[in-house]
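These notes are about the structure you will find just below.
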2 protein chains.
Amino acid sequence: MTDDNSFMSGLPELAILRLLQDREMYGYEIVQAIAARTGSALSPGEGVIYPLLHALEKSGALKSRRKSVGGRSRVYYSLTAKGARRLSALTSRWSELNGAVRTLMGGALAVR
Amino acid sequence: MTDDNSFMSGLPELAILRLLQDREMYGYEIVQAIAARTGSALSPGEGVIYPLLHALEKSGALKSRRKSVGGRSRVYYSLTAKGARRLSALTSRWSELNGAVRTLMGGALAVR
DNA sequence: CTATTATACCTCGAGACTCGAGGTAATGAG
DNA sequence: CTCATTACCTCGAGTCTCGAGGTATAATAG
């Protein structure tokens, strides 16, 4: 409540799952991609993304593999079936909340 | 991340400020109103609302007055100028994030 | 060749927020 | 008289984000 970073909870997870739906990616790449695609409106740092990736893998939503690209070692993550279910659950939850907020705000909220 | 209550952070505050924009209300009433207006999609309990009301008052976004209605003592809250500014800041932040998510999801997200 | 920047991974503690359980009182209904 | 409802409140647990900090290698600049 202190400053203006509200409404963040859950969005990094949603973003990760959505990006990995298209193709496998590695952590550092995901951090850049989220900021780039959203014009930095959404910009979780490495301190958010890496622990989340580990937790999502542990929960079975993601699987990882090491891959060497040009002498660089990267950890690539991809979506499992469980991760896909998680993504669709989060997506519909987001839709639901979005509808609720729209109702609450009563037209005062631009669709932009 | 454990279950499906994600995306909650900041929404109770937004809801309170938005409701008080229309008229003064008391805590218990706000709890019921949020659940009622959103069909329980959004339903913060008293343990969320009361501390938030106190914090918002302390920060100068709300002011309160005691009022006896039918022998019942209630604490009515209303929006200050500062609270109105806070509401508009949160509203535009929500719009921004909503746009970011829409971009991220890429059409996969229904507008409902 | 060497220094700095970019890539790529990671952890930790602080702070914020939600949540449910629990507690107190007074009023109204059966 | 008893119980559900109204109306207020606090507390601890759990979850999450955030920034700072740490390591190591490759590319670029001077």
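Letters A, B, ... go to the chains of the structure tokens in the order shown; residues in each chain start at 1; ligands are counted from 1 in the same order.
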
Item to check | DA29 (chain D) surroundings by only C-alpha atoms (C1' of nucleotides), 10 Å radius, close-in-sequence under 2 positions cut, as a list of chain:residue names | outcome: C:DT2, C:DA3, C:DT4, C:DT5, D:DA27

Just want the 6 Å neighbourhood of region 5-18 of chain A, counted on only C-alpha atoms (C1' of nucleotides), with same-chain residues fewer than 3 positions away dropped. Output as a compact mmCIF listing (two decimals) with N, CA and C atoms, in the first residue's frame.
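Below you can see part32.txt, which holds the result:
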# COMPACT_ATOMS: atom_id res chain seq x y z
N GLN A 21 4.43 -21.28 -23.10
CA GLN A 21 3.43 -21.98 -23.91
C GLN A 21 3.86 -21.98 -25.38
N LEU A 87 -1.85 -22.82 -16.29
CA LEU A 87 -2.00 -21.61 -17.09
C LEU A 87 -3.46 -21.31 -17.39
N SER B 6 -4.79 -16.27 -6.52
CA SER B 6 -3.82 -15.29 -7.01
C SER B 6 -4.46 -13.98 -7.48
N PHE B 7 -3.63 -13.01 -7.78
CA PHE B 7 -4.04 -11.72 -8.35
C PHE B 7 -4.82 -10.87 -7.38
N SER B 9 -3.65 -9.06 -4.69
CA SER B 9 -3.02 -7.96 -3.97
C SER B 9 -3.39 -6.59 -4.52
N GLY B 10 -3.88 -5.75 -3.65
CA GLY B 10 -4.23 -4.39 -4.04
C GLY B 10 -5.70 -4.23 -4.37

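In terms of minimum interatomic distance to Ser40 (chain A), B:Thr103 ranks closest within B:Ser68, B:Thr103, B:Ser92, B:Ser78, counting only C-alpha atoms.
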
Chain B on chain A, least-squares, complete ordered Cα pairing, as an mmCIF file with C-alpha atoms, in the first residue's frame:
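Generated output (result.cif):
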data_model
loop_
_atom_site.group_PDB
_atom_site.id
_atom_site.type_symbol
_atom_site.label_atom_id
_atom_site.label_comp_id
_atom_site.auth_asym_id
_atom_site.auth_seq_id
_atom_site.Cartn_x
_atom_site.Cartn_y
_atom_site.Cartn_z
ATOM 1 C CA MET B 1 0.007 -0.019 0.030
ATOM 2 C CA THR B 2 3.041 2.157 0.587
ATOM 3 C CA ASP B 3 3.645 3.024 -3.059
ATOM 4 C CA ASP B 4 2.315 2.196 -6.475
ATOM 5 C CA ASN B 5 3.503 -1.314 -7.214
ATOM 6 C CA SER B 6 0.143 -2.868 -6.438
ATOM 7 C CA PHE B 7 -1.692 -5.624 -8.326
ATOM 8 C CA MET B 8 1.534 -7.528 -8.892
ATOM 9 C CA SER B 9 0.834 -10.776 -7.129
ATOM 10 C CA GLY B 10 0.545 -13.758 -9.421
ATOM 11 C CA LEU B 11 1.366 -11.869 -12.603
ATOM 12 C CA PRO B 12 4.971 -13.066 -12.883
ATOM 13 C CA GLU B 13 3.761 -16.652 -12.735
ATOM 14 C CA LEU B 14 1.107 -16.007 -15.357
ATOM 15 C CA ALA B 15 3.663 -14.339 -17.615
ATOM 16 C CA ILE B 16 6.154 -17.179 -17.324
ATOM 17 C CA LEU B 17 3.588 -19.841 -18.108
ATOM 18 C CA ARG B 18 2.234 -17.874 -21.041
ATOM 19 C CA LEU B 19 5.673 -17.322 -22.581
ATOM 20 C CA LEU B 20 6.626 -20.959 -22.197
ATOM 21 C CA GLN B 21 3.427 -21.973 -23.914
ATOM 22 C CA ASP B 22 4.946 -20.781 -27.191
ATOM 23 C CA ARG B 23 8.496 -22.090 -26.851
ATOM 24 C CA GLU B 24 11.096 -23.122 -24.339
ATOM 25 C CA MET B 25 13.066 -20.285 -22.808
ATOM 26 C CA TYR B 26 15.719 -19.707 -20.186
ATOM 27 C CA GLY B 27 15.438 -17.531 -17.096
ATOM 28 C CA TYR B 28 17.427 -14.527 -18.140
ATOM 29 C CA GLU B 29 15.598 -14.482 -21.452
ATOM 30 C CA ILE B 30 12.239 -14.561 -19.700
ATOM 31 C CA VAL B 31 13.150 -11.577 -17.553
ATOM 32 C CA GLN B 32 13.993 -9.534 -20.656
ATOM 33 C CA ALA B 33 11.003 -10.807 -22.628
ATOM 34 C CA ILE B 34 8.424 -9.816 -20.031
ATOM 35 C CA ALA B 35 9.741 -6.272 -19.794
ATOM 36 C CA ALA B 36 10.109 -5.987 -23.560
ATOM 37 C CA ARG B 37 6.651 -7.271 -24.464
ATOM 38 C CA THR B 38 4.869 -5.114 -21.924
ATOM 39 C CA GLY B 39 6.879 -1.949 -22.415
ATOM 40 C CA SER B 40 8.092 -2.388 -18.837
ATOM 41 C CA ALA B 41 4.576 -2.077 -17.459
ATOM 42 C CA LEU B 42 5.319 -5.484 -16.049
ATOM 43 C CA SER B 43 8.938 -6.019 -15.140
ATOM 44 C CA PRO B 44 9.739 -8.644 -12.523
ATOM 45 C CA GLY B 45 13.457 -8.913 -11.757
ATOM 46 C CA GLU B 46 15.654 -11.966 -11.542
ATOM 47 C CA GLY B 47 14.988 -12.193 -7.823
ATOM 48 C CA VAL B 48 11.372 -12.909 -8.726
ATOM 49 C CA ILE B 49 11.787 -15.061 -11.803
ATOM 50 C CA TYR B 50 14.456 -17.538 -10.750
ATOM 51 C CA PRO B 51 12.818 -18.650 -7.505
ATOM 52 C CA LEU B 52 9.514 -18.895 -9.338
ATOM 53 C CA LEU B 53 10.989 -21.104 -12.046
ATOM 54 C CA HIS B 54 12.384 -23.408 -9.380
ATOM 55 C CA ALA B 55 9.075 -23.562 -7.557
ATOM 56 C CA LEU B 56 7.142 -24.202 -10.749
ATOM 57 C CA GLU B 57 9.511 -26.980 -11.693
ATOM 58 C CA LYS B 58 9.252 -28.519 -8.253
ATOM 59 C CA SER B 59 5.468 -28.430 -8.497
ATOM 60 C CA GLY B 60 5.618 -30.192 -11.864
ATOM 61 C CA ALA B 61 4.369 -27.318 -13.994
ATOM 62 C CA LEU B 62 7.701 -26.958 -15.777
ATOM 63 C CA LYS B 63 10.541 -29.179 -16.785
ATOM 64 C CA SER B 64 14.090 -28.034 -17.482
ATOM 65 C CA ARG B 65 17.129 -29.124 -19.411
ATOM 66 C CA ARG B 66 20.646 -27.735 -19.635
ATOM 67 C CA LYS B 67 21.754 -26.655 -23.046
ATOM 68 C CA SER B 68 25.030 -25.199 -24.227
ATOM 69 C CA VAL B 69 24.683 -22.423 -26.773
ATOM 70 C CA GLY B 70 27.925 -20.921 -28.039
ATOM 71 C CA GLY B 71 29.865 -22.128 -25.040
ATOM 72 C CA ARG B 72 27.207 -20.705 -22.722
ATOM 73 C CA SER B 73 25.339 -22.941 -20.359
ATOM 74 C CA ARG B 74 21.667 -22.181 -20.101
ATOM 75 C CA VAL B 75 18.742 -23.776 -18.312
ATOM 76 C CA TYR B 76 15.812 -24.034 -20.676
ATOM 77 C CA TYR B 77 12.332 -24.452 -19.274
ATOM 78 C CA SER B 78 9.265 -25.810 -20.990
ATOM 79 C CA LEU B 79 5.633 -26.299 -20.076
ATOM 80 C CA THR B 80 4.306 -29.669 -18.905
ATOM 81 C CA ALA B 81 0.693 -30.799 -19.168
ATOM 82 C CA LYS B 82 0.271 -29.775 -15.568
ATOM 83 C CA GLY B 83 1.714 -26.360 -16.347
ATOM 84 C CA ALA B 84 -0.751 -25.955 -19.200
ATOM 85 C CA ARG B 85 -3.621 -26.699 -16.826
ATOM 86 C CA ARG B 86 -2.200 -24.226 -14.351
ATOM 87 C CA LEU B 87 -1.998 -21.607 -17.084
ATOM 88 C CA SER B 88 -5.596 -22.056 -18.082
ATOM 89 C CA ALA B 89 -6.720 -21.926 -14.454
ATOM 90 C CA LEU B 90 -4.827 -18.688 -13.896
ATOM 91 C CA THR B 91 -6.109 -17.251 -17.144
ATOM 92 C CA SER B 92 -9.731 -17.839 -16.270
ATOM 93 C CA ARG B 93 -9.170 -16.532 -12.773
ATOM 94 C CA TRP B 94 -7.703 -13.381 -14.256
ATOM 95 C CA SER B 95 -10.696 -12.997 -16.552
ATOM 96 C CA GLU B 96 -13.043 -13.431 -13.655
ATOM 97 C CA LEU B 97 -11.283 -10.826 -11.555
ATOM 98 C CA ASN B 98 -11.112 -8.494 -14.482
ATOM 99 C CA GLY B 99 -14.858 -8.738 -14.887
ATOM 100 C CA ALA B 100 -15.353 -8.156 -11.192
ATOM 101 C CA VAL B 101 -13.206 -5.045 -11.255
ATOM 102 C CA ARG B 102 -14.968 -3.752 -14.346
ATOM 103 C CA THR B 103 -18.287 -4.156 -12.559
ATOM 104 C CA LEU B 104 -16.944 -2.468 -9.469
ATOM 105 C CA MET B 105 -15.531 0.451 -11.396
ATOM 106 C CA GLY B 106 -18.703 0.837 -13.371
ATOM 107 C CA GLY B 107 -17.617 2.158 -16.722
ATOM 108 C CA ALA B 108 -15.084 4.484 -15.127
ATOM 109 C CA LEU B 109 -12.426 2.106 -16.396
ATOM 110 C CA ALA B 110 -11.161 2.612 -19.921
ATOM 111 C CA VAL B 111 -10.749 -0.483 -22.058
ATOM 112 C CA ARG B 112 -7.685 1.048 -23.703
#

Next on the checklist: Residues of chain C were defined as contacting chain B if any atom lay at most 9 Å from it, counting only C-alpha atoms (C1' of nucleotides); please report them as an NGL selection string.
Outcome noted: :C and (17-20 or 26-27)

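Every chain D residue lying within 9 Å of chain A, based on only C-alpha atoms (C1' of nucleotides), is listed here: DC16, DT17, DC18, DG19, DT25 and DA26 of chain D.
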
Checklist entry - as a PyMOL selection string, which residues of region 29-80 of chain A does DSSP assign to strand (DSSP E or B)? => result chain A and resi 62-69+72-79
